[in-house]
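Participant: My structure is in model.txt, and what it holds is compact mmCIF, C-alpha atoms:
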# COMPACT_ATOMS: atom_id res chain seq x y z
CA MET A 273 146.24 148.96 28.66
CA LYS A 274 144.25 146.15 27.05
CA ASP A 275 146.62 146.11 24.08
CA ALA A 276 149.63 145.82 26.38
CA LEU A 277 148.07 142.90 28.25
CA ARG A 278 147.22 141.16 24.97
CA SER A 279 150.76 141.56 23.69
CA LEU A 280 152.14 140.22 26.98
CA LEU A 281 149.86 137.20 26.80
CA ALA A 282 150.83 136.62 23.14
CA LEU A 283 154.52 136.79 24.11
CA VAL A 284 154.03 134.20 26.88
CA LEU A 285 152.16 131.87 24.53
CA LEU A 286 154.77 132.29 21.79
CA GLY A 287 157.55 131.55 24.28
CA GLY A 288 155.79 128.39 25.45
CA PHE A 289 155.28 127.26 21.85
CA LEU A 290 158.94 127.87 20.96
CA GLU A 291 160.04 125.96 24.04
CA LEU A 292 158.02 122.94 22.90
CA LEU A 293 159.72 123.01 19.49
CA LEU A 294 163.27 122.94 20.87
CA PRO A 295 164.93 119.60 21.69
CA ALA A 296 165.52 118.72 25.35
CA ASP A 297 169.18 119.69 25.60
CA GLU A 298 171.32 122.66 26.56
CA MET A 299 169.50 125.00 24.15
CA ARG A 300 166.16 124.56 25.93
CA ARG A 301 167.63 125.88 29.17
CA TYR A 302 168.99 129.01 27.45
CA SER A 303 165.77 129.54 25.52
CA ARG A 304 163.76 129.43 28.75
CA MET A 305 166.05 132.08 30.21
CA VAL A 306 165.71 134.34 27.14
CA VAL A 307 161.92 133.98 26.98
CA GLY A 308 161.69 134.58 30.75
CA LEU A 309 163.73 137.77 30.44
CA LEU A 310 161.58 138.99 27.55
CA VAL A 311 158.40 138.38 29.55
CA LEU A 312 159.92 140.08 32.59
CA PHE A 313 160.96 143.16 30.62
CA SER A 314 157.54 143.32 28.94
CA LEU A 315 155.82 143.11 32.29
CA MET A 316 158.05 145.84 33.72
CA ARG A 317 157.30 148.07 30.70
CA LEU A 318 153.59 147.45 31.18
CA VAL A 319 153.75 148.44 34.84
CA ILE A 320 155.86 151.54 34.18
CA THR A 321 153.66 152.78 31.33
CA GLY A 322 150.55 152.07 33.42
CA ILE A 323 151.88 154.20 36.27
CA ASP A 324 152.91 156.97 33.86
CA ASP A 325 149.46 156.95 32.26
CA LEU A 326 147.66 157.18 35.59
CA GLY A 327 150.04 159.59 37.25
CA ALA A 328 150.38 160.05 40.99
CA GLU A 329 147.40 162.39 41.16
CA GLY A 330 145.14 159.82 39.50
CA ILE A 331 146.13 157.11 41.93
CA PHE A 332 145.54 159.29 45.00
CA ARG A 333 142.39 160.82 43.54
CA GLY A 334 140.95 157.32 43.22
CA LEU A 335 141.71 156.63 46.88
CA GLU A 336 140.14 159.85 48.14
CA ARG A 337 137.08 159.84 45.88
CA GLU A 338 133.82 159.95 47.77
CA GLY A 339 130.43 159.32 46.32
CA PRO A 340 127.21 157.82 47.47
CA ALA A 341 129.17 154.87 48.85
CA LEU A 342 131.52 155.15 51.82
CA SER A 343 134.94 156.63 51.18
CA SER A 344 137.88 154.26 50.81
CA ARG A 345 139.65 155.92 53.73
CA PHE A 346 136.65 155.26 55.98
CA LEU A 347 136.49 151.67 54.73
CA LEU A 348 140.18 151.23 55.47
CA GLU A 349 139.79 152.58 59.00
CA GLU A 350 136.78 150.33 59.55
CA LEU A 351 138.73 147.34 58.26
CA VAL A 352 141.66 148.11 60.58
CA GLU A 353 139.29 148.45 63.56
CA GLU A 354 137.63 145.14 62.72
CA GLY A 355 141.03 143.47 62.39
CA GLU A 356 142.10 144.84 65.77
CA ARG A 357 138.84 143.63 67.36
CA VAL A 358 139.35 140.15 65.91
CA ARG A 359 142.98 140.13 67.11
CA ARG A 360 141.93 141.10 70.67
CA ALA A 361 139.22 138.43 70.68
CA GLY A 362 141.76 135.86 69.48
CA VAL A 363 144.25 136.83 72.18
CA LYS A 364 141.53 136.62 74.83
CA LYS A 365 140.34 133.21 73.63
CA ALA A 366 143.90 131.89 73.39
CA GLY A 367 144.56 133.11 76.93
CA GLU A 368 141.41 131.41 78.20
CA LEU A 369 142.54 128.15 76.66
CA ILE A 370 146.23 128.33 77.46
CA THR A 371 146.19 129.73 81.02
CA PRO A 372 144.73 126.59 82.67
CA LEU A 373 147.13 124.34 80.75
CA LEU A 374 150.08 126.54 81.60
CA THR A 375 149.04 126.67 85.26
CA GLU A 376 148.77 122.89 85.44
CA ARG A 377 152.15 122.28 83.80
CA ILE A 378 153.96 124.80 85.99
CA LYS A 379 152.20 123.37 89.05
CA LYS A 380 153.48 119.88 88.18
CA LEU A 381 156.98 121.22 87.62
CA LEU A 382 156.97 122.99 91.00
CA GLN A 383 155.53 119.89 92.69
CA GLU A 384 158.40 117.82 91.33
CA ALA A 385 160.95 120.44 92.36
CA THR A 386 159.63 120.83 95.91
CA GLY A 387 158.43 117.27 96.47
CA ASP A 388 155.09 118.71 97.65
CA GLU A 389 152.25 116.87 95.90
CA GLY A 390 149.68 119.13 97.59
CA LEU A 391 151.22 122.34 96.20
CA GLN A 392 148.68 124.77 94.80
CA LEU A 393 149.34 127.47 92.21
CA GLN A 394 147.36 130.50 91.10
CA LEU A 395 148.51 132.76 88.29
CA ALA A 396 147.62 136.44 87.99
CA VAL A 397 146.97 137.16 84.32
CA THR A 398 146.29 140.59 82.78
CA GLU A 399 143.70 141.32 80.12
CA GLY A 400 146.51 141.13 77.57
CA GLU A 401 147.00 137.54 78.75
CA ARG A 402 150.39 138.22 80.28
CA ILE A 403 151.39 136.57 83.54
CA THR A 404 151.99 139.30 86.11
CA GLY A 405 152.15 137.36 89.36
CA ALA A 406 151.73 134.03 91.07
CA LYS A 407 150.64 132.63 94.42
CA ILE A 408 152.05 129.31 95.58
CA VAL A 409 150.55 127.50 98.58
CA LEU A 410 152.86 124.87 100.08
CA GLN A 411 151.41 121.97 102.07
CA LYS A 412 154.79 120.74 103.33
CA ASP A 413 158.17 122.31 103.96
CA PRO A 414 160.60 121.91 101.03
CA ALA A 415 163.48 122.85 103.39
CA TRP A 416 164.78 125.48 100.99
CA PRO A 417 166.31 128.80 102.00
CA ASP A 418 163.93 131.78 101.98
CA GLY A 419 163.42 133.28 98.52
CA THR A 420 164.57 130.21 96.58
CA LEU A 421 161.09 129.14 95.52
CA GLU A 422 160.19 132.70 94.57
CA ARG A 423 163.28 132.97 92.36
CA LEU A 424 162.62 129.56 90.78
CA ALA A 425 158.98 130.36 90.03
CA GLY A 426 159.94 133.82 88.75
CA GLU A 427 162.45 132.28 86.35
CA ILE A 428 159.96 129.68 85.13
CA LEU A 429 157.20 132.24 84.62
CA GLY A 430 159.45 134.99 83.28
CA ILE A 431 158.37 137.48 85.93
CA ASP A 432 160.02 139.36 88.78
CA PRO A 433 160.49 137.04 91.81
CA GLU A 434 158.96 139.78 93.97
CA ARG A 435 155.67 139.18 92.14
CA VAL A 436 155.60 135.57 93.41
CA GLU A 437 153.87 135.06 96.76
CA VAL A 438 154.57 131.88 98.71
CA GLU A 439 152.12 130.87 101.44
CA LYS A 440 153.16 128.13 103.85
CA ALA A 441 150.01 126.22 104.78
CA PHE A 442 152.07 123.68 106.73
CA ALA A 443 153.18 126.45 109.11
CA ARG A 444 149.53 127.40 109.77
CA LYS A 445 148.61 123.82 110.57
CA SER A 446 151.46 123.34 113.03
CA ARG A 447 150.56 126.61 114.84
CA GLU A 448 146.90 125.57 115.04
CA GLU A 449 147.88 122.24 116.63
CA ILE A 450 149.91 123.96 119.37
Go ahead and express the file in the form of structure tokens.
Facilitator:
Amino acid sequence: MKDALRSLLALVLLGGFLELLLPADEMRRYSRMVVGLLVLFSLMRLVITGIDDLGAEGIFRGLEREGPALSSRFLLEELVEEGERVRRAGVKKAGELITPLLTERIKKLLQEATGDEGLQLQLAVTEGERITGAKIVLQKDPAWPDGTLERLAGEILGIDPERVEVEKAFARKSREEI
């Protein structure tokens, strides 16, 4: 294997040297292509002979070998578990950072749509940081047909409009005054 790597390195160096000797014209372009093909074929031969020398059993035996250290399979499982833990932590942290920003932007959008500056919005978010529901508290009547705000909020949030609850605080106030 060492001899094959040495010959490959010698071929690359020889190709670079020959390229420096050629004038900068059409021949240099063709010489680069020929040298590149030679290096590519040499590299392919090196890989193929390396795989033939090791054999499939040797490759898998190296993966399954256990000694005083931990087995490679155990290390792989541990690495996958650690990667999954890091991914979950990243999703949680991203959700903690993004949810308030998203809530504020959607709230402003709904305030502009309804003309209700006192509108309040709460989002229901799962552990996977997916929006599953919303509660909208209106302070004044937007004079929209029933269900319109639910459909609008559902479309904006990408959830089922039935998962959007609209509370009319202005209706409570007028009943309390009577």
Participant: I'd like the neighbourhood of Ala276 in chain A as a compact mmCIF listing (two decimals) with C-alpha atoms, in the coordinates of the input, where a residue qualifies if any of its atoms comes within 12 Å (using only C-alpha atoms), though same-chain residues fewer than 2 positions away should be ignored.
Facilitator:
# COMPACT_ATOMS: atom_id res chain seq x y z
CA MET A 273 146.24 148.96 28.66
CA LYS A 274 144.25 146.15 27.05
CA ARG A 278 147.22 141.16 24.97
CA SER A 279 150.76 141.56 23.69
CA LEU A 280 152.14 140.22 26.98
CA LEU A 281 149.86 137.20 26.80
CA ALA A 282 150.83 136.62 23.14
CA LEU A 283 154.52 136.79 24.11
CA VAL A 311 158.40 138.38 29.55
CA SER A 314 157.54 143.32 28.94
CA LEU A 315 155.82 143.11 32.29
CA MET A 316 158.05 145.84 33.72
CA ARG A 317 157.30 148.07 30.70
CA LEU A 318 153.59 147.45 31.18
CA VAL A 319 153.75 148.44 34.84
CA ILE A 320 155.86 151.54 34.18
CA THR A 321 153.66 152.78 31.33
CA GLY A 322 150.55 152.07 33.42
Participant: Provide the CA of Val363 in chain A to CA of Ala406 in chain A distance in Å, to one decimal place.
Facilitator: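 CA of Val363 in chain A sits 20.5 Å away from CA of Ala406 in chain A.
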Participant: Give the answer as one residue: which of A:Leu310, A:Trp416, A:Asp432, A:Lys380 has the shortest atom-to-atom distance to Ile403 in chain A, using only C-alpha atoms?
Facilitator: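 Selected residue with least distance to Ile403 in chain A: A:Asp432.
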Participant: Can you pull out the residues contacting Val438 in chain A? Cut-off 9 Å, using all atoms listed in the file, and skip same-chain residues under 2 positions away; I want them as a list of chain:residue names.
Facilitator: A:Ala406, A:Lys407, A:Ile408, A:Val409, A:Leu410, A:Gly419, A:Leu421, A:Glu422, A:Val436, A:Lys440
Participant: Using CA of Gln394 in chain A and CA of Arg423 in chain A as the two end points, give the distance in Å to one decimal.
Facilitator: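 Spanning CA of Gln394 in chain A to CA of Arg423 in chain A is a straight-line distance of 16.2 Å.
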Participant: Around (157.0, 118.7, 100.0) in the file's own coordinates, what residues are found within 6 Å if you use all atoms listed in the file, given back as an mmCIF file with C-alpha atoms, in the coordinates of the input?
Facilitator:
data_model
loop_
_atom_site.group_PDB
_atom_site.id
_atom_site.type_symbol
_atom_site.label_atom_id
_atom_site.label_comp_id
_atom_site.auth_asym_id
_atom_site.auth_seq_id
_atom_site.Cartn_x
_atom_site.Cartn_y
_atom_site.Cartn_z
ATOM 1 C CA THR A 386 159.630 120.830 95.910
ATOM 2 C CA GLY A 387 158.430 117.270 96.470
ATOM 3 C CA ASP A 388 155.090 118.710 97.650
ATOM 4 C CA LYS A 412 154.790 120.740 103.330
ATOM 5 C CA ASP A 413 158.170 122.310 103.960
ATOM 6 C CA PRO A 414 160.600 121.910 101.030
#
Participant: Enter the distance from CA of Ile428 in chain A to CA of Leu391 in chain A, in Å, rounded to one decimal.
Facilitator: 15.9 Å
